[in-house]
$ cat input05.txt   # compact mmCIF, C-alpha atoms
# COMPACT_ATOMS: atom_id res chain seq x y z
CA MET A 172 18.14 -22.59 16.13
CA SER A 173 16.70 -21.09 19.30
CA LYS A 174 19.70 -18.76 19.64
CA VAL A 175 19.21 -17.55 16.07
CA VAL A 176 15.53 -16.80 16.70
CA ASP A 177 16.30 -15.09 20.02
CA GLY A 178 19.00 -13.06 18.27
CA PHE A 179 16.58 -12.05 15.55
CA PHE A 180 14.02 -10.82 18.07
CA TRP A 181 16.74 -9.04 20.07
CA THR A 182 17.73 -7.31 16.84
CA LEU A 183 14.11 -6.31 16.26
CA LYS A 184 14.03 -4.74 19.73
CA ALA A 185 17.27 -2.88 19.00
CA VAL A 186 15.91 -1.63 15.68
CA SER A 187 12.74 -0.48 17.45
CA GLY A 188 14.83 1.45 19.95
CA ALA A 189 16.90 3.02 17.18
CA LEU A 190 13.77 4.00 15.24
CA LEU A 191 12.22 5.55 18.34
CA ALA A 192 15.42 7.47 19.14
CA ALA A 193 15.72 8.70 15.54
CA MET A 194 12.07 9.72 15.47
CA ILE A 195 12.39 11.70 18.70
CA ALA A 196 15.64 13.32 17.55
CA LEU A 197 14.19 14.31 14.16
CA VAL A 198 11.04 15.83 15.61
CA PHE A 199 12.85 17.60 18.47
CA LEU A 200 15.55 18.99 16.20
CA ASN A 201 12.97 20.15 13.70
CA VAL A 202 10.97 21.96 16.41
CA VAL A 203 14.11 23.68 17.71
CA LEU A 204 15.17 24.70 14.21
CA ARG A 205 11.72 26.07 13.37
CA TYR A 206 11.34 28.14 16.53
CA ALA A 207 14.94 29.25 17.01
CA PHE A 208 16.20 29.63 13.45
CA ASN A 209 13.04 29.83 11.33
CA SER A 210 14.18 26.84 9.27
CA GLY A 211 13.79 23.10 9.47
CA ILE A 212 14.68 19.71 8.13
CA VAL A 213 12.57 19.06 5.05
CA VAL A 214 12.47 15.28 5.41
CA SER A 215 11.89 15.27 9.17
CA GLU A 216 8.12 14.88 9.22
CA GLU A 217 8.06 12.24 6.51
CA LEU A 218 10.86 10.14 7.99
CA ALA A 219 9.37 10.38 11.48
CA ARG A 220 6.04 9.11 10.11
CA TRP A 221 7.74 6.20 8.32
CA PHE A 222 9.79 5.37 11.42
CA PHE A 223 6.60 5.36 13.49
CA VAL A 224 4.85 2.97 11.12
CA TRP A 225 7.82 0.58 11.07
CA LEU A 226 8.21 0.88 14.85
CA THR A 227 4.57 -0.08 15.30
CA PHE A 228 4.73 -3.14 13.07
CA ILE A 229 8.08 -4.35 14.41
CA GLY A 230 6.80 -3.89 17.95
CA ALA A 231 3.66 -5.83 17.08
CA VAL A 232 5.74 -8.82 15.95
CA VAL A 233 7.82 -8.72 19.14
CA ALA A 234 4.70 -8.36 21.32
CA LEU A 235 3.05 -11.26 19.49
CA ARG A 236 6.02 -13.52 20.17
CA GLU A 237 6.23 -12.51 23.82
CA ARG A 238 2.44 -12.73 24.21
CA GLN A 239 2.29 -9.20 25.51
CA HIS A 240 -0.97 -8.24 23.82
CA LEU A 241 -3.97 -7.55 26.02
CA GLY A 242 -7.27 -9.37 25.92
CA MET A 243 -9.99 -10.91 28.02
CA ASP A 244 -8.74 -14.09 29.67
CA THR A 245 -11.38 -14.41 32.39
CA LEU A 246 -13.41 -17.11 30.60
CA VAL A 247 -10.39 -18.98 29.27
CA LYS A 248 -8.84 -19.18 32.76
CA MET A 249 -11.92 -21.06 33.99
CA MET A 250 -11.64 -23.68 31.21
CA GLY A 251 -9.78 -26.93 31.32
CA ARG A 252 -6.89 -27.87 29.04
CA THR A 253 -9.14 -28.94 26.14
CA GLY A 254 -11.19 -25.74 26.28
CA ARG A 255 -8.01 -23.66 26.36
CA LYS A 256 -6.66 -25.53 23.34
CA VAL A 257 -9.88 -24.94 21.40
CA CYS A 258 -9.82 -21.23 22.25
CA LEU A 259 -6.15 -20.98 21.29
CA VAL A 260 -6.75 -22.66 17.93
CA LEU A 261 -9.78 -20.45 17.21
CA SER A 262 -8.02 -17.24 18.21
CA HIS A 263 -4.89 -18.12 16.24
CA ALA A 264 -6.96 -19.11 13.20
CA LEU A 265 -8.72 -15.72 13.29
CA MET A 266 -5.42 -13.91 13.79
CA LEU A 267 -3.85 -15.85 10.91
CA TYR A 268 -6.78 -14.88 8.70
CA ALA A 269 -6.44 -11.19 9.62
CA THR A 270 -2.66 -11.36 9.22
CA GLY A 271 -3.08 -12.98 5.81
CA MET A 272 -5.45 -10.23 4.69
CA LEU A 273 -3.00 -7.59 5.93
CA LEU A 274 -0.12 -9.34 4.16
CA TRP A 275 -2.05 -9.64 0.89
CA GLY A 276 -3.24 -6.02 0.94
CA SER A 277 0.17 -4.66 1.94
CA TRP A 278 1.87 -6.74 -0.75
CA LYS A 279 -0.52 -5.41 -3.41
CA GLN A 280 -0.03 -1.82 -2.21
CA MET A 281 3.72 -2.30 -2.15
CA LEU A 282 3.71 -3.45 -5.78
CA ILE A 283 1.34 -0.66 -6.85
CA ASN A 284 3.50 2.01 -5.19
CA TRP A 285 6.88 0.58 -6.17
CA ASP A 286 7.56 3.36 -8.69
CA MET A 287 5.92 6.13 -6.65
CA THR A 288 8.19 8.38 -4.62
CA ALA A 289 7.54 10.21 -1.40
CA PRO A 290 7.49 14.00 -1.80
CA ALA A 291 10.27 14.96 0.65
CA THR A 292 12.65 12.00 0.68
CA GLU A 293 11.96 10.78 -2.86
CA LEU A 294 12.19 7.21 -1.55
CA SER A 295 9.88 4.58 -2.98
CA THR A 296 6.60 4.52 -1.07
CA ALA A 297 6.78 0.73 -1.30
CA TRP A 298 8.97 0.96 1.82
CA PHE A 299 5.99 2.40 3.69
CA TYR A 300 3.75 -0.55 2.77
CA GLY A 301 6.62 -2.97 3.35
CA ALA A 302 5.98 -2.64 7.08
CA GLY A 303 2.67 -4.48 6.63
CA VAL A 304 4.39 -7.17 4.57
CA PHE A 305 7.03 -7.52 7.29
CA PHE A 306 4.37 -7.97 9.96
CA GLY A 307 2.33 -10.34 7.80
CA VAL A 308 5.28 -12.66 7.22
CA PHE A 309 6.83 -12.68 10.69
CA GLY A 310 3.57 -12.35 12.62
CA GLY A 311 2.18 -15.29 10.65
CA LEU A 312 5.29 -17.35 11.43
CA VAL A 313 4.96 -16.60 15.16
CA LEU A 314 1.30 -17.64 15.10
CA LEU A 315 2.05 -20.83 13.16
CA TRP A 316 4.87 -21.70 15.56
CA ASP A 317 2.54 -21.26 18.55
CA LEU A 318 -0.02 -23.53 16.88
CA TYR A 319 2.69 -26.12 16.23
CA LEU A 320 3.76 -26.03 19.89
CA MET A 321 0.15 -26.44 20.99
CA LEU A 322 -0.59 -29.30 18.58
CA THR A 323 2.54 -31.17 19.71
CA ASN A 324 1.62 -30.68 23.41
CA GLN A 325 4.67 -28.53 24.14
CA LEU A 326 2.67 -25.78 25.90
CA SER A 327 1.78 -25.82 29.58
CA ASP A 328 -1.74 -25.00 30.78
CA ASP A 329 -0.69 -21.41 31.56
CA GLU A 330 0.88 -21.01 28.12
CA LEU A 331 -2.42 -21.97 26.49
CA ILE A 332 -3.73 -18.56 27.56
CA SER A 333 -2.24 -16.26 24.95
CA VAL A 334 -3.38 -12.90 26.36
CA ARG A 335 -3.23 -10.94 29.61
CA GLU A 336 -6.15 -9.06 31.12
CA SER A 337 -3.95 -6.29 32.52
CA GLU A 338 -0.54 -4.83 31.77
CA ASP A 339 0.27 -5.20 35.46
CA GLU A 340 -0.38 -8.94 35.42
CA PRO A 341 2.80 -10.95 34.83
CA HIS A 342 2.62 -13.44 31.99
CA PRO A 343 4.29 -16.84 32.38
CA VAL A 344 5.54 -17.01 28.82
CA GLY A 345 8.00 -15.06 26.78
CA PRO A 346 11.08 -15.52 24.65
CA THR A 347 12.85 -17.45 27.43
CA ALA A 348 9.96 -19.87 27.97
CA GLU A 349 10.54 -23.51 27.23
CA GLY A 350 10.00 -24.42 23.57
CA ARG A 351 10.35 -20.89 22.21

$ encode --input "input05.txt" --output "structure tokens"
Amino acid sequence: MSKVVDGFFWTLKAVSGALLAAMIALVFLNVVLRYAFNSGIVVSEELARWFFVWLTFIGAVVALRERQHLGMDTLVKMMGRTGRKVCLVLSHALMLYATGMLLWGSWKQMLINWDMTAPATELSTAWFYGAGVFFGVFGGLVLLWDLYLMLTNQLSDDELISVRESEDEPHPVGPTAEGR
């Protein structure tokens, strides 16, 4: 099962890279066409915007799993194991609540906009709101899995700190950590 999950998250990283490359290519090509040939790709701006939204939400799921999000860990580092567990449960409960609200709102917007089409691509705008649904489902699963690992005492003391204070600070957990 672990290999399947790791493969899924590797695929998400690959999709993120492909979306970023496509977004850069579309925007660059459109700029060149506009300045050099006084023309352009009609769908370029719209697709680049959609790619950016999906890239952001896919990246957020990957960052959540790898615990790459930034936060204040100064107080939590000074706590013992019980204090760290309480903080982890509270923070995950708040994140699950926010993720649930995002999922619910994105789902409703997706259903409302199912028959609406984007002006340039004429694709359903439900795809745009689907990014929030994607994050709500998979982000919620990552958070629930972390809570399960904590409640079954499968997390070390360092893994009970789910944020980093600085991007330069290495984090002891990630997709290769034990129990993930």

$ closest_residue --input "input05.txt" --among "A:Ser262, A:Thr270, A:Ser277, A:Thr323" --to "Ala302 (chain A)" --atoms "only C-alpha atoms"
A:Ser277

$ residues_around --input "input05.txt" --residues "Gly188 (chain A)" --least-positions-apart "3" --cutoff "12 Å" --atoms "only C-alpha atoms" --output "VMD selection string"
chain A and resid 181 to 185 191 to 195 222 to 223 225 to 227 229 to 230

$ residues_around --input "input05.txt" --residues "Val304 (chain A)" --least-positions-apart "5" --cutoff "10 Å" --atoms "only C-alpha atoms" --output "PyMOL selection string"
chain A and resi 228+270-271+273-281+298-299+309-310

$ atom_distance --input "input05.txt" --atom1 "CA of Arg236 (chain A)" --atom2 "CA of Ala297 (chain A)"
25.8 Å

$ atom_distance --input "input05.txt" --atom1 "CA of Ser210 (chain A)" --atom2 "CA of Ser295 (chain A)"
25.8 Å
